[in-house]
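J.: Below: one structure in structure tokens.
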2 protein chains.
Amino acid sequence: MEQRDETASLISAGKVQGTNVYNTQGDNLGEVYDVMIDKRSGKIAYAVMSFGGFLGMGNNYHPLPWNTLKYDTRQEGYVVGLTKEQLERAPTIRRDENPAWGDRNYEQGIHDYYKAAPYWA
Amino acid sequence: MEQRDETASLISAGKVQGTNVYNTQGDNLGEVYDVMIDKRSGKIAYAVMSFGGFLGMGNNYHPLPWNTLKYDTRQEGYVVGLTKEQLERAPTIRRDENPAWGDRNYEQGIHDYYKAAPYWA
């Protein structure tokens, strides 16, 4: 473990970016493309997971509330408690689509889907 | 403004990485290399600012408590309230040095230097 990138208490955004995301069945769902930071609180609001593309082209994205991700040291990736089918119906950001970050209805809908506590509460 | 990367409320880590850092005199001090996330709270703990290198080689780093950075839209960069001389004496992570993240004495010292409230308080 490179201390520059990660210790028991801290992890760099650069290390999170590119980390695989699995469901509890062990299916590889995609990887973390980026994380979104709430400017007001300084808290991570979302991991934006890319999926379905090839060599960075044609990717779509799922915004995952940050508190839905658990890191699994064995798989060296994040685990989210959704089946592949549940994730297919999950809120999606299509390539070239601009998500309505800051629109509370839009963001509440994302959190409702994952039954996650909103980061702004 | 690309909504995917930034809105009034949210900003991606990818957008923060590479953003210039200035002091209040307008001197360019370096750029944000990465941000460190506190795993427990999900809060950004530090911006790690690189300086003094060339084409990514020979860089050293200053860990800046996240709450010391203010974004200035005019300069399109972060502003930190230190002179160049104050920053030269600031806590530094040298190339190939592993910072003692998680060591409370080390981290308190960083926050003391900037008179910043610790992210864990």
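FYI, nothing fancy with the structure tokens labels: chains A, B, ... in order, residues from 1 per chain, ligands from 1 as they appear.
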Would you mind listing what lies within 12 Å of B:Ala13 as a ChimeraX atom specification, with only C-alpha atoms counted and same-chain residues fewer than 2 positions away left out?
T.: /A:12-17,32-39,42-48 /B:4-6,10-11,15-19,32-37,44,47
J.: If you run DSSP on the backbone, which residues of stretch 24-92 of chain A are strand (DSSP E), as a PyMOL selection string?
T.: chain A and resi 28-38+44-51+60-65+70-72+77-80
J.: Output the selection as a tab-separated table (two decimals), in the first residue's frame - N, CA and C atoms for each residue.
T.:
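Result file is selection-v3.tsv:
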chain	number	residue	atom	x	y	z
A	28	ASN	N	-18.78	-7.86	-12.05
A	28	ASN	CA	-18.11	-6.57	-12.29
A	28	ASN	C	-19.09	-5.66	-13.03
A	29	LEU	N	-19.47	-4.56	-12.39
A	29	LEU	CA	-20.50	-3.68	-12.94
A	29	LEU	C	-19.90	-2.54	-13.76
A	30	GLY	N	-18.67	-2.18	-13.46
A	30	GLY	CA	-18.04	-1.05	-14.15
A	30	GLY	C	-16.91	-0.54	-13.29
A	31	GLU	N	-16.52	0.69	-13.52
A	31	GLU	CA	-15.47	1.26	-12.68
A	31	GLU	C	-15.78	2.71	-12.33
A	32	VAL	N	-15.16	3.18	-11.26
A	32	VAL	CA	-15.38	4.56	-10.84
A	32	VAL	C	-14.67	5.48	-11.82
A	33	TYR	N	-15.45	6.32	-12.50
A	33	TYR	CA	-14.89	7.27	-13.44
A	33	TYR	C	-14.39	8.51	-12.70
A	34	ASP	N	-15.20	8.97	-11.74
A	34	ASP	CA	-14.83	10.17	-10.99
A	34	ASP	C	-15.69	10.24	-9.74
A	35	VAL	N	-15.37	11.17	-8.87
A	35	VAL	CA	-16.24	11.42	-7.71
A	35	VAL	C	-16.65	12.88	-7.74
A	36	MET	N	-17.86	13.15	-7.25
A	36	MET	CA	-18.40	14.51	-7.21
A	36	MET	C	-18.34	15.01	-5.77
A	37	ILE	N	-17.77	16.20	-5.61
A	37	ILE	CA	-17.57	16.80	-4.30
A	37	ILE	C	-18.63	17.87	-4.07
A	38	ASP	N	-19.29	17.83	-2.91
A	38	ASP	CA	-20.22	18.88	-2.52
A	38	ASP	C	-19.40	20.07	-2.03
A	44	ILE	N	-17.78	14.04	-0.24
A	44	ILE	CA	-18.03	13.35	-1.49
A	44	ILE	C	-19.52	13.05	-1.59
A	45	ALA	N	-20.14	13.46	-2.66
A	45	ALA	CA	-21.57	13.24	-2.84
A	45	ALA	C	-21.82	11.94	-3.62
A	46	TYR	N	-21.10	11.76	-4.73
A	46	TYR	CA	-21.32	10.61	-5.61
A	46	TYR	C	-20.01	10.02	-6.11
A	47	ALA	N	-20.04	8.71	-6.33
A	47	ALA	CA	-19.10	8.10	-7.24
A	47	ALA	C	-19.82	7.97	-8.57
A	48	VAL	N	-19.20	8.43	-9.64
A	48	VAL	CA	-19.79	8.31	-10.97
A	48	VAL	C	-19.16	7.10	-11.63
A	49	MET	N	-19.98	6.05	-11.80
A	49	MET	CA	-19.47	4.78	-12.32
A	49	MET	C	-19.69	4.69	-13.82
A	50	SER	N	-18.65	4.42	-14.57
A	50	SER	CA	-18.79	4.24	-16.02
A	50	SER	C	-19.01	2.77	-16.32
A	51	PHE	N	-19.76	2.51	-17.37
A	51	PHE	CA	-20.03	1.12	-17.75
A	51	PHE	C	-20.36	1.05	-19.23
A	60	ASN	N	-21.53	5.04	-20.67
A	60	ASN	CA	-22.57	5.71	-19.92
A	60	ASN	C	-22.19	5.64	-18.45
A	61	TYR	N	-22.97	6.35	-17.63
A	61	TYR	CA	-22.57	6.50	-16.23
A	61	TYR	C	-23.76	6.29	-15.30
A	62	HIS	N	-23.49	5.73	-14.14
A	62	HIS	CA	-24.45	5.72	-13.04
A	62	HIS	C	-23.89	6.56	-11.90
A	63	PRO	N	-24.65	7.55	-11.43
A	63	PRO	CA	-24.23	8.25	-10.22
A	63	PRO	C	-24.64	7.42	-8.99
A	64	LEU	N	-23.65	7.01	-8.21
A	64	LEU	CA	-23.92	6.20	-7.02
A	64	LEU	C	-23.66	7.05	-5.77
A	65	PRO	N	-24.68	7.21	-4.91
A	65	PRO	CA	-24.41	7.93	-3.65
A	65	PRO	C	-23.20	7.31	-2.97
A	70	LYS	N	-19.14	0.14	-0.50
A	70	LYS	CA	-18.27	-0.42	0.54
A	70	LYS	C	-17.04	-1.00	-0.15
A	71	TYR	N	-15.86	-0.72	0.40
A	71	TYR	CA	-14.65	-1.24	-0.22
A	71	TYR	C	-14.40	-2.67	0.26
A	72	ASP	N	-14.13	-3.56	-0.67
A	72	ASP	CA	-13.81	-4.95	-0.34
A	72	ASP	C	-12.34	-5.21	-0.67
A	77	GLY	N	-11.99	-3.78	-4.80
A	77	GLY	CA	-12.96	-2.94	-5.50
A	77	GLY	C	-14.11	-2.59	-4.57
A	78	TYR	N	-14.97	-1.71	-5.07
A	78	TYR	CA	-16.14	-1.33	-4.30
A	78	TYR	C	-17.27	-2.30	-4.58
A	79	VAL	N	-18.10	-2.52	-3.55
A	79	VAL	CA	-19.26	-3.38	-3.68
A	79	VAL	C	-20.50	-2.55	-3.42
A	80	VAL	N	-21.48	-2.68	-4.30
A	80	VAL	CA	-22.76	-2.00	-4.14
A	80	VAL	C	-23.84	-3.08	-4.13
J.: Enter the distance from atom CA of A:Ala116 to atom CA of A:Trp66, in Å, rounded to one decimal.
T.: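 One can read the atom CA of A:Ala116 to atom CA of A:Trp66 distance as 9.1 Å.
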J.: Check stretch 21-121 of chain B with DSSP on the backbone and list each residue it calls alpha helix (DSSP H), as a list in words.
T.: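 After running DSSP on the backbone, stretch 21-121 of chain B has alpha helix (DSSP H) at Lys84, Glu85, Gln86, Leu87, Glu88, Arg104, Asn105, Tyr106, Glu107, Gln108, Gly109, Ile110, His111, Asp112 and Tyr113 of chain B.
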J.: Select, from A:Pro118, A:Ile93, A:Pro99, A:Asn67, the residue with the minimum atom-to-atom distance to B:Thr7, counting only C-alpha atoms.
T.: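 Counting only C-alpha atoms, the residue closest to B:Thr7 is A:Pro99.
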J.: One decimal, in Å: what's the spacing between atom CA of A:Tyr119 and atom CA of B:Tyr119?
T.: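 Atom CA of B:Tyr119 lies at a distance of 16.5 Å from atom CA of A:Tyr119.
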